[in-house]
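Enquirer: Mind having a look at this structure? Questions to follow.
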Amino acid sequence: MTNSTYPVSIELLQNARTYVKSDIAVTLTLERRVNHQGEYDFSVFHADSLYFIGTTAYQPDPEQAAKIASFVDDDDDDDDDYIFNDLIRGELGNMIAKEEEQKARQRVKVTRNEISAYVPTKSVWLPGDYFLLVHKKDDWVLKIEFQIDDQLVVWPTDQYFCNRGSLEHELASKLVYREEWMPIATCPGGKELRQRYIKKEQLETLNEVRAQGGYKRMGFPRTRVGNQIIVCQGPKDLTQPIEVYARQIMGKGVRIYDTARFYNPASNNPYEDLSDLDALGASDLCLHNIGTLMNTGGKVITAKIEEKLREGMYNLLLLATEQELEQLFEVSPSMKDFFLEGSRVKLHDASCFELVQQLFGQIDKQEHRLSPLASDLLVRTLITAYERGNTKRWTGSDLKRYVLEGISLPFAERLLQQQDEGMPVMEMVKPEDIDTERLLTPGQTGDEVLARLNEMVGLTDVKQSITTMTNRMRFYAERRRLGLHTSDEAPHHAIFTGNPGTGKTTVARLLGKIYHSLGLLSKGDVVCVDRQRMVGRYIGETEENMKQILTEARGNVLFVDEAYTLYSSDGSNDFGRHALNSLLPVLAQKNSDVLIIFAGYEKEMDALMSMNPGLLGRFPYKFRFADYNADELMQIAKVQLERDEYVLTPEAADRLKKAIRDTVSHRTRNFANARWVEQLVQNGILPAMADRLAASKTAASREAYQLIERQDVEAAYQRFSMGAQELSRRVSIGFCA
């Protein structure tokens with residue numbers, strides 16, 4: 001078959017220059033000498049990601065096939081015989097009629113030298129590169145490359161026949177027929193997964209060809225896939241596409257295990273289930289949650305796995321993060337020898353194209369029907385949000401939440417308001433039902449957050465350090481955008497030192513928003529934990545607690561308060577060490593989608609780092625939160641009062657300033673700084689003011705409910721002076737269940 005260029009036309013049937021779901025129409029004119037008799041498949045893929053879009057097939061009955069064959073050498077162009085006629089399409093707005101018409105019409109029509117097809121898809125077409133595979137079964141595969149421009153006009157760019165064993169030939173002749181291929185074919189961020197799956201099919205085709213040529217007599221071994229690693233973005237359970245991949249790439253007999261099952265610390269024999277590895281025989285093995293291999297008991301499991309690999313008992317597939325792999329190979333360097341170069345398959349964040357398809361999949365699950373204008377608005381907004389970095393790390397759960405809150409609720413509200421008019425049964429989602437602001441402004445910009453940080457009282461050194469850090473990250477990001485070489489950055493975890501009430505938690509919240517605006521965190525909220533939540537009371541409980549905490553912290557800031565309590569200096573077997581060990585994999589990972597902040601008193605935090613030299617390198621940033629002076633505390637008090645429209649009399653202001661100065665001059669190490677001022681105002685001054693007004697026998701004016709008197713401050717200070725109020729320190733370094 002020559003690589004002749006045949007006339008071809010491809011068009012989107014329903015675009016009208018808008019982003020909507022659309023079938024495509026294909027018309028291909030082949031040379032007269034090409035035999036049309038047989039079966040055809042048409043399959044469409046997104047070129048950059050190999051994402052599957054749609055397929056259709058045609059199989060003539062014997063009588064029709066005979067008619068086609070008789071026309072191959074007939075030169076009478078006017079005697080075309082259409083096997084099927086395309087049915088008249090219904091109006092675009094009549095969605096039910098369109099569905100019925102889609103079911104009824106035939107997908108392909110054939111003439112003597114022309115093939116026309118409708119390829120039904122569930123995709124929204126975006127500008128980009130695509131390809132269409134035309135497969136004449138048991139014969140040839142023709143690849144037609146085409147582009148869709150910004151106006152959603154289709155432009156065929158190239159076409160050629162594909163050799164047996166090529167990527168395109170494997171797709172068209174094998175994979176489009178397999179139901180198990182579909183989860184992999186539409187897995188967001190799964191391009192490398194698809195490529196490796198296709199490579200496996202290519203190797204099988206190669207083996208078939210070599211077998212036909214008698215490769216055994218020539219001494220060639222049969223090509224196999226071997227051990228593999230799937231690198232994921234973060235700790236997660238095995239998802240359906242990966243499980244399908246494991247079973248297809250390694251064989252349906254593969255055993256899939258959570259590594260944690262091989263070590264049960266609560267059992268009399270913690271390694272009881274490890275005997276399952278001996279019972280596998282020649283079955284292949286897929287392991288996930290391999291962080292267990294770095295915990296207590298992990299070395300025994302790793303040794304057993306290595307033993308079986310040396311015996312050649314099975315192939316091994318690991319699902320892990322980059323950091324988990326690095327740590328595993330540090331703990332067990334010999335394990336690395338079982339994986340050849342190029343054995344890693346990496347899962348990436350969803351591309352913009354994949355994210356759009358996921359979003360409309362969620363919309364379908366909610367059984368919404370979008371008008372063409374609503375669909376167009378939604379896609380254009382999502383593209384803009386993606387380019388801004390707002391949605392680049394969105395997952396399926398993020399999309400589901402947006403559909404429910406940003407589409408379903410506004411749509412339902414509009415229908416409820418139309419009750420008097422009678423709610424239309426087939427009402428479609430309209431542009432006014434789409435909450436575009438939720439996509440375009442999911443959070444504050446980095447500059448807005450920095451402005452809020454700079455509005456805080458005091459913290460001059462902290463403000464300057466965070467501003468410099470933010471500028472540095474933006475600098476690196478811009479260099480990467482310009483295509484300049486930029487060395488890999490270290491993790492961005494931080495240590496906050498300082499006394500209580502110096503703003504550590506508040507700054508952590510702002511830092512989370514800054515990291516989110518820079519694309520370093522997918523969510524940017526703060527998860528606050530301490531020793532009590534992290535450390536369990538019996539063996540194995542700490543690991544379970546940490547697994548739950550890290551899952552909750554994914555995409556957020558994990559703020560560990562009084563982190564020094566997790567480490568004991570006397571070398572005792574304290575469960576706090578297990579909590580620290582659980583954090584080490586995340587601390588070392590460069591793109592973990594978690595920001596870990598250790599906070600506590602400066603002296604104790606320095607001791608923690610000195611006792612754990614390995615920890616110090618995991619925290620490139622250290623921020624010291626100094627105590628507030630008297631003027632700064634007075635400013636904090638005024639901000640609190642002005643926020644709720646309270647006014648200090650001159651006498652009250654003088655008494656408050658003196659009270660703060662007296663307190664600062666006598667403060668101890670555990671003085672609560674801004675927290676003490678907040679208590680003085682909220683639990684001292686305002687209750688005293690309320691008592692004074694309640695005791696008054698005259699009707700109070702509006703101003704009376706705003707004006708704070710000297711006696712209110714005096715009464716509050718008697719209650720919250722340093723002699724009466726001092727926050728006690730919490731547990732010091734050491735074990736505490």
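In the structure tokens, chains take the letters A, B, ... in the order shown, each chain's residues start at 1, and ligands count up from 1 in the order shown.
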Which polymer residues have any atom within 12 Å of an atom of A:Ala350, counting only C-alpha atoms, with same-chain residues fewer than 2 positions away left out, as a short mmCIF file (atom, residue, chain, number, x, y, z; two decimals) with N, CA and C atoms, in the first residue's frame?
Expert:
data_model
loop_
_atom_site.label_atom_id
_atom_site.label_comp_id
_atom_site.auth_asym_id
_atom_site.auth_seq_id
_atom_site.Cartn_x
_atom_site.Cartn_y
_atom_site.Cartn_z
N SER A 49 -1.94 13.81 24.08
CA SER A 49 -2.11 12.96 25.26
C SER A 49 -2.50 11.52 24.92
N TYR A 51 -5.30 10.59 24.26
CA TYR A 51 -6.60 10.42 24.92
C TYR A 51 -7.62 9.96 23.88
N THR A 186 -8.73 6.83 28.75
CA THR A 186 -9.31 8.10 29.18
C THR A 186 -8.86 8.49 30.58
N CYS A 187 -7.71 7.96 31.02
CA CYS A 187 -7.18 8.28 32.35
C CYS A 187 -6.51 9.65 32.31
N PRO A 188 -6.99 10.63 33.09
CA PRO A 188 -6.36 11.96 33.08
C PRO A 188 -4.90 11.90 33.50
N GLY A 189 -4.04 12.56 32.74
CA GLY A 189 -2.61 12.55 33.05
C GLY A 189 -1.94 11.22 32.76
N GLY A 190 -2.61 10.33 32.05
CA GLY A 190 -2.10 8.97 31.85
C GLY A 190 -1.44 8.72 30.51
N LYS A 191 -0.85 9.75 29.89
CA LYS A 191 -0.23 9.55 28.58
C LYS A 191 0.86 8.48 28.64
N GLN A 233 1.47 11.24 41.85
CA GLN A 233 1.69 12.56 42.42
C GLN A 233 1.74 12.55 43.94
N LEU A 347 2.59 9.36 36.25
CA LEU A 347 1.26 9.96 36.12
C LEU A 347 1.39 11.47 36.34
N HIS A 348 0.80 12.25 35.45
CA HIS A 348 0.91 13.70 35.52
C HIS A 348 -0.44 14.31 35.90
N CYS A 352 -5.28 20.47 30.08
CA CYS A 352 -6.52 21.26 29.94
C CYS A 352 -7.57 20.48 29.17
N PHE A 353 -7.15 19.80 28.09
CA PHE A 353 -8.09 19.00 27.31
C PHE A 353 -8.73 17.92 28.17
N GLU A 354 -7.91 17.21 28.95
CA GLU A 354 -8.43 16.13 29.79
C GLU A 354 -9.34 16.68 30.88
N LEU A 355 -8.99 17.84 31.43
CA LEU A 355 -9.80 18.43 32.49
C LEU A 355 -11.18 18.79 31.97
N VAL A 356 -11.25 19.32 30.75
CA VAL A 356 -12.55 19.67 30.15
C VAL A 356 -13.39 18.41 29.99
N GLN A 357 -12.78 17.33 29.51
CA GLN A 357 -13.54 16.09 29.31
C GLN A 357 -14.03 15.53 30.64
N GLN A 358 -13.18 15.62 31.68
CA GLN A 358 -13.60 15.17 33.01
C GLN A 358 -14.78 15.99 33.52
N LEU A 359 -14.71 17.30 33.31
CA LEU A 359 -15.77 18.18 33.80
C LEU A 359 -17.10 17.80 33.17
N TYR A 386 -7.44 27.52 33.78
CA TYR A 386 -6.32 26.59 33.70
C TYR A 386 -5.03 27.33 33.36
N THR A 391 -6.77 25.84 38.15
CA THR A 391 -7.36 24.50 38.13
C THR A 391 -6.38 23.42 37.67
N LYS A 392 -5.10 23.73 37.56
CA LYS A 392 -4.14 22.78 37.00
C LYS A 392 -4.03 21.51 37.82
N ARG A 393 -4.25 21.60 39.11
CA ARG A 393 -4.09 20.42 39.96
C ARG A 393 -5.43 19.90 40.47
N TRP A 394 -6.49 20.27 39.77
CA TRP A 394 -7.81 19.78 40.16
C TRP A 394 -7.92 18.29 39.92
N THR A 395 -8.62 17.64 40.83
CA THR A 395 -8.89 16.21 40.72
C THR A 395 -10.37 16.00 40.39
N GLY A 396 -10.75 14.74 40.25
CA GLY A 396 -12.15 14.43 39.98
C GLY A 396 -13.08 14.93 41.07
N LEU A 399 -13.71 18.66 40.61
CA LEU A 399 -14.65 18.91 39.52
C LEU A 399 -16.08 18.58 39.94
#
Enquirer: Can you pull out the residues contacting A:Val526? Cut-off 9 Å, using only C-alpha atoms, and skip same-chain residues under 2 positions away; I want them as JSON, numbers by chain.
Expert: {"A": [505, 508, 509, 512, 524, 528, 553, 556, 557, 558, 559]}
Enquirer: May I have the residues from that selection written out with N, CA, C and O atoms, as a CSV table (one decimal), in the first residue's frame?
Expert:
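Now in again-v5.csv:
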chain,number,residue,atom,x,y,z
A,505,THR,N,0.3,30.9,63.6
A,505,THR,CA,-0.8,30.2,62.9
A,505,THR,C,-1.4,31.2,61.9
A,505,THR,O,-1.7,30.7,60.7
A,508,ALA,N,0.8,31.2,58.9
A,508,ALA,CA,0.8,29.9,58.2
A,508,ALA,C,-0.4,29.9,57.3
A,508,ALA,O,-0.3,29.4,56.1
A,509,ARG,N,-1.6,30.5,57.7
A,509,ARG,CA,-2.7,30.5,56.8
A,509,ARG,C,-2.5,31.4,55.6
A,509,ARG,O,-2.8,31.0,54.5
A,512,GLY,N,-0.1,29.5,53.2
A,512,GLY,CA,-0.8,28.5,52.4
A,512,GLY,C,-1.5,29.2,51.2
A,512,GLY,O,-1.5,28.6,50.1
A,524,GLY,N,-4.4,25.0,49.7
A,524,GLY,CA,-3.9,26.1,50.4
A,524,GLY,C,-4.5,26.3,51.8
A,524,GLY,O,-4.2,27.4,52.4
A,528,CYS,N,-4.1,21.9,61.3
A,528,CYS,CA,-3.3,22.1,62.6
A,528,CYS,C,-3.4,20.8,63.4
A,528,CYS,O,-4.5,20.2,63.6
A,553,ALA,N,-4.1,16.4,54.8
A,553,ALA,CA,-3.2,17.5,54.5
A,553,ALA,C,-2.9,17.7,53.0
A,553,ALA,O,-2.3,18.7,52.6
A,556,ASN,N,-2.6,21.0,51.2
A,556,ASN,CA,-2.7,22.1,52.2
A,556,ASN,C,-1.4,22.2,53.0
A,556,ASN,O,-0.4,21.6,52.7
A,557,VAL,N,-1.5,23.1,54.0
A,557,VAL,CA,-0.4,23.3,55.0
A,557,VAL,C,-0.7,22.4,56.2
A,557,VAL,O,-1.8,22.4,56.8
A,558,LEU,N,0.3,21.6,56.5
A,558,LEU,CA,0.3,20.8,57.8
A,558,LEU,C,1.0,21.5,58.8
A,558,LEU,O,2.3,21.6,58.8
A,559,PHE,N,0.3,22.1,59.8
A,559,PHE,CA,1.0,22.9,60.8
A,559,PHE,C,1.1,22.1,62.1
A,559,PHE,O,0.1,21.7,62.7
Enquirer: Which parts of stretch 156-395 of chain A does DSSP call strand (DSSP E) when run on the backbone here, written out as a PDB file with C-alpha atoms, in the first residue's frame?
Expert:
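As written to disk, selection_1.pdb reads:
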ATOM      1  CA  PRO A 156      -6.300  18.005   7.776  1.00  0.00           C
ATOM      2  CA  THR A 157      -2.500  18.232   7.815  1.00  0.00           C
ATOM      3  CA  ASP A 158      -1.084  14.834   6.849  1.00  0.00           C
ATOM      4  CA  GLN A 159      -2.028  11.229   6.158  1.00  0.00           C
ATOM      5  CA  TYR A 160      -0.162   7.969   5.649  1.00  0.00           C
ATOM      6  CA  PHE A 161      -0.563   4.203   5.961  1.00  0.00           C
ATOM      7  CA  GLN A 228       7.900  -1.560  36.437  1.00  0.00           C
ATOM      8  CA  ILE A 229       7.201   1.470  38.621  1.00  0.00           C
ATOM      9  CA  ILE A 230       4.221   3.790  38.337  1.00  0.00           C
ATOM     10  CA  VAL A 231       5.146   7.187  39.771  1.00  0.00           C
ATOM     11  CA  ARG A 255      -1.800 -10.241  42.677  1.00  0.00           C
ATOM     12  CA  ILE A 256      -2.482  -6.679  43.863  1.00  0.00           C
ATOM     13  CA  TYR A 257      -1.672  -5.905  47.496  1.00  0.00           C
ATOM     14  CA  ASP A 258      -1.567  -2.958  49.877  1.00  0.00           C
ATOM     15  CA  LEU A 285       2.903  -8.880  42.000  1.00  0.00           C
ATOM     16  CA  CYS A 286       1.637  -5.286  42.196  1.00  0.00           C
ATOM     17  CA  LEU A 287       2.245  -3.344  45.435  1.00  0.00           C
ATOM     18  CA  HIS A 288       0.892   0.046  46.501  1.00  0.00           C
ATOM     19  CA  LEU A 316       6.980  -6.653  40.241  1.00  0.00           C
ATOM     20  CA  LEU A 317       5.041  -3.430  39.725  1.00  0.00           C
ATOM     21  CA  LEU A 318       5.253  -0.650  42.348  1.00  0.00           C
ATOM     22  CA  LEU A 319       2.899   2.316  42.724  1.00  0.00           C
ATOM     23  CA  ALA A 320       4.745   5.076  44.587  1.00  0.00           C
ATOM     24  CA  ARG A 344       9.176   4.143  35.345  1.00  0.00           C
ATOM     25  CA  VAL A 345       5.779   5.307  34.145  1.00  0.00           C
ATOM     26  CA  LYS A 346       4.780   8.712  35.514  1.00  0.00           C
TER      27      LYS A 346
END
Enquirer: Using only C-alpha atoms, which protein or nucleic acid residues come within 12 Å of A:Thr441? Drop anything in the same chain fewer than 3 positions from it, and give the result as an MDAnalysis selection string.
Expert: chainID A and resid 381:382 384:386 388:391 435:438 444:445 517
Enquirer: How would the residues just picked look written out with N, CA and C atoms as a PDB file, in the first residue's frame?
Expert:
ATOM      1  N   THR A 381     -14.223  29.560  30.062  1.00  0.00           N
ATOM      2  CA  THR A 381     -13.836  29.970  31.416  1.00  0.00           C
ATOM      3  C   THR A 381     -12.838  28.990  32.014  1.00  0.00           C
ATOM      4  N   LEU A 382     -13.071  27.697  31.800  1.00  0.00           N
ATOM      5  CA  LEU A 382     -12.161  26.690  32.350  1.00  0.00           C
ATOM      6  C   LEU A 382     -10.782  26.791  31.700  1.00  0.00           C
ATOM      7  N   THR A 384      -9.379  29.541  30.554  1.00  0.00           N
ATOM      8  CA  THR A 384      -8.748  30.715  31.165  1.00  0.00           C
ATOM      9  C   THR A 384      -8.255  30.397  32.574  1.00  0.00           C
ATOM     10  N   ALA A 385      -9.103  29.713  33.354  1.00  0.00           N
ATOM     11  CA  ALA A 385      -8.719  29.360  34.726  1.00  0.00           C
ATOM     12  C   ALA A 385      -7.509  28.440  34.733  1.00  0.00           C
ATOM     13  N   TYR A 386      -7.442  27.518  33.784  1.00  0.00           N
ATOM     14  CA  TYR A 386      -6.317  26.586  33.697  1.00  0.00           C
ATOM     15  C   TYR A 386      -5.030  27.333  33.356  1.00  0.00           C
ATOM     16  N   ARG A 388      -4.335  30.334  34.037  1.00  0.00           N
ATOM     17  CA  ARG A 388      -3.932  31.110  35.213  1.00  0.00           C
ATOM     18  C   ARG A 388      -3.371  30.236  36.328  1.00  0.00           C
ATOM     19  N   GLY A 389      -3.501  28.936  36.184  1.00  0.00           N
ATOM     20  CA  GLY A 389      -3.020  28.021  37.211  1.00  0.00           C
ATOM     21  C   GLY A 389      -4.040  27.698  38.283  1.00  0.00           C
ATOM     22  N   ASN A 390      -5.275  28.196  38.133  1.00  0.00           N
ATOM     23  CA  ASN A 390      -6.291  27.988  39.179  1.00  0.00           C
ATOM     24  C   ASN A 390      -6.754  26.547  39.271  1.00  0.00           C
ATOM     25  N   THR A 391      -6.771  25.839  38.146  1.00  0.00           N
ATOM     26  CA  THR A 391      -7.362  24.500  38.127  1.00  0.00           C
ATOM     27  C   THR A 391      -6.382  23.424  37.672  1.00  0.00           C
ATOM     28  N   ASP A 435     -21.478  29.452  37.391  1.00  0.00           N
ATOM     29  CA  ASP A 435     -20.735  30.308  38.314  1.00  0.00           C
ATOM     30  C   ASP A 435     -19.288  30.396  37.826  1.00  0.00           C
ATOM     31  N   THR A 436     -19.020  31.349  36.938  1.00  0.00           N
ATOM     32  CA  THR A 436     -17.676  31.488  36.375  1.00  0.00           C
ATOM     33  C   THR A 436     -16.686  32.048  37.385  1.00  0.00           C
ATOM     34  N   GLU A 437     -17.171  32.870  38.324  1.00  0.00           N
ATOM     35  CA  GLU A 437     -16.268  33.474  39.293  1.00  0.00           C
ATOM     36  C   GLU A 437     -15.576  32.427  40.156  1.00  0.00           C
ATOM     37  N   ARG A 438     -16.261  31.319  40.397  1.00  0.00           N
ATOM     38  CA  ARG A 438     -15.674  30.260  41.223  1.00  0.00           C
ATOM     39  C   ARG A 438     -14.444  29.664  40.536  1.00  0.00           C
ATOM     40  N   GLN A 444      -7.394  34.320  46.691  1.00  0.00           N
ATOM     41  CA  GLN A 444      -6.724  35.594  46.512  1.00  0.00           C
ATOM     42  C   GLN A 444      -5.429  35.416  45.728  1.00  0.00           C
ATOM     43  N   THR A 445      -5.022  36.461  45.033  1.00  0.00           N
ATOM     44  CA  THR A 445      -3.752  36.437  44.342  1.00  0.00           C
ATOM     45  C   THR A 445      -2.628  36.554  45.355  1.00  0.00           C
ATOM     46  N   SER A 517      -1.471  30.344  45.339  1.00  0.00           N
ATOM     47  CA  SER A 517      -1.442  31.280  44.212  1.00  0.00           C
ATOM     48  C   SER A 517      -0.255  31.022  43.295  1.00  0.00           C
TER      49      SER A 517
END
Enquirer: As a VMD selection string, please: every residue in stretch 284-491 of chain A that a backbone DSSP assignment puts in helix (DSSP H, G or I).
Expert: chain A and resid 290 to 294 298 to 310 322 to 331 333 to 336 352 to 365 372 to 387 396 to 417 419 to 421 431 to 433 436 to 440 446 to 455 460 to 481
Enquirer: In Å to one decimal, how far is atom CA of A:Val379 from atom CA of A:Gly406?
Expert: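 If I compute the distance from atom CA of A:Gly406 to atom CA of A:Val379, I get 13.6 Å.
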Enquirer: Looking at only C-alpha atoms, which of A:Arg196, A:His492, A:His169, A:Arg554 is the one that sits closest to A:Lys136?
Expert: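 Distance minimum relative to A:Lys136 lands on A:His169.
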Enquirer: In terms of the shortest atom-to-atom distance over only C-alpha atoms, which of A:Pro183, A:Asn289, A:Glu11, A:Met294 is closest to A:Trp155?
Expert: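 Nearest candidate to A:Trp155 out of A:Pro183, A:Asn289, A:Glu11, A:Met294: A:Glu11.
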Enquirer: Just give me the gap between atom CA of A:Gln202 and atom CA of A:Glu170 in Å, one decimal is fine.
Expert: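 Atom CA of A:Glu170 lies at a distance of 6.7 Å from atom CA of A:Gln202.
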Enquirer: For A:Phe496, work out the shell of residues within 9 Å, counting only C-alpha atoms and skipping chain neighbours fewer than 4 positions away, then give it as a PDB file with N, CA, C and O atoms, in the first residue's frame.
Expert:
ATOM      1  N   LYS A 504       2.050  33.005  64.573  1.00  0.00           N
ATOM      2  CA  LYS A 504       2.547  31.882  63.767  1.00  0.00           C
ATOM      3  C   LYS A 504       1.427  31.213  62.967  1.00  0.00           C
ATOM      4  O   LYS A 504       1.573  30.955  61.770  1.00  0.00           O
ATOM      5  N   ALA A 508       0.840  31.187  58.921  1.00  0.00           N
ATOM      6  CA  ALA A 508       0.761  29.898  58.226  1.00  0.00           C
ATOM      7  C   ALA A 508      -0.428  29.881  57.267  1.00  0.00           C
ATOM      8  O   ALA A 508      -0.326  29.370  56.141  1.00  0.00           O
ATOM      9  N   ILE A 597       4.898  22.740  58.262  1.00  0.00           N
ATOM     10  CA  ILE A 597       5.473  23.769  59.122  1.00  0.00           C
ATOM     11  C   ILE A 597       5.592  23.201  60.535  1.00  0.00           C
ATOM     12  O   ILE A 597       4.600  22.788  61.130  1.00  0.00           O
ATOM     13  N   PHE A 598       6.809  23.179  61.067  1.00  0.00           N
ATOM     14  CA  PHE A 598       7.050  22.817  62.461  1.00  0.00           C
ATOM     15  C   PHE A 598       7.094  24.116  63.266  1.00  0.00           C
ATOM     16  O   PHE A 598       7.840  25.041  62.926  1.00  0.00           O
ATOM     17  N   ALA A 599       6.326  24.181  64.346  1.00  0.00           N
ATOM     18  CA  ALA A 599       6.260  25.401  65.152  1.00  0.00           C
ATOM     19  C   ALA A 599       6.517  25.084  66.616  1.00  0.00           C
ATOM     20  O   ALA A 599       6.167  23.997  67.106  1.00  0.00           O
ATOM     21  N   GLY A 600       7.121  26.051  67.321  1.00  0.00           N
ATOM     22  CA  GLY A 600       7.348  25.871  68.749  1.00  0.00           C
ATOM     23  C   GLY A 600       8.338  26.881  69.298  1.00  0.00           C
ATOM     24  O   GLY A 600       8.798  27.777  68.586  1.00  0.00           O
ATOM     25  N   TYR A 601       8.645  26.731  70.593  1.00  0.00           N
ATOM     26  CA  TYR A 601       9.625  27.605  71.229  1.00  0.00           C
ATOM     27  C   TYR A 601      10.974  27.460  70.540  1.00  0.00           C
ATOM     28  O   TYR A 601      11.367  26.365  70.117  1.00  0.00           O
ATOM     29  N   GLU A 602      11.707  28.569  70.457  1.00  0.00           N
ATOM     30  CA  GLU A 602      12.948  28.568  69.678  1.00  0.00           C
ATOM     31  C   GLU A 602      13.988  27.609  70.260  1.00  0.00           C
ATOM     32  O   GLU A 602      14.607  26.830  69.522  1.00  0.00           O
ATOM     33  N   MET A 605      12.974  23.981  69.603  1.00  0.00           N
ATOM     34  CA  MET A 605      13.039  23.634  68.185  1.00  0.00           C
ATOM     35  C   MET A 605      14.488  23.472  67.733  1.00  0.00           C
ATOM     36  O   MET A 605      14.806  22.583  66.929  1.00  0.00           O
ATOM     37  N   TYR A 621      13.538  26.895  55.132  1.00  0.00           N
ATOM     38  CA  TYR A 621      13.125  28.219  55.605  1.00  0.00           C
ATOM     39  C   TYR A 621      12.875  28.183  57.113  1.00  0.00           C
ATOM     40  O   TYR A 621      12.198  27.279  57.614  1.00  0.00           O
ATOM     41  N   LYS A 622      13.436  29.183  57.812  1.00  0.00           N
ATOM     42  CA  LYS A 622      13.198  29.321  59.246  1.00  0.00           C
ATOM     43  C   LYS A 622      12.796  30.764  59.536  1.00  0.00           C
ATOM     44  O   LYS A 622      13.502  31.702  59.169  1.00  0.00           O
ATOM     45  N   PHE A 623      11.635  30.919  60.179  1.00  0.00           N
ATOM     46  CA  PHE A 623      11.113  32.247  60.493  1.00  0.00           C
ATOM     47  C   PHE A 623      11.015  32.396  62.012  1.00  0.00           C
ATOM     48  O   PHE A 623      10.391  31.566  62.680  1.00  0.00           O
ATOM     49  N   ARG A 624      11.645  33.462  62.526  1.00  0.00           N
ATOM     50  CA  ARG A 624      11.609  33.719  63.960  1.00  0.00           C
ATOM     51  C   ARG A 624      10.578  34.807  64.245  1.00  0.00           C
ATOM     52  O   ARG A 624      10.653  35.916  63.701  1.00  0.00           O
ATOM     53  N   PHE A 625       9.604  34.471  65.071  1.00  0.00           N
ATOM     54  CA  PHE A 625       8.532  35.392  65.434  1.00  0.00           C
ATOM     55  C   PHE A 625       8.875  36.019  66.784  1.00  0.00           C
ATOM     56  O   PHE A 625       8.766  35.370  67.836  1.00  0.00           O
TER      57      PHE A 625
END
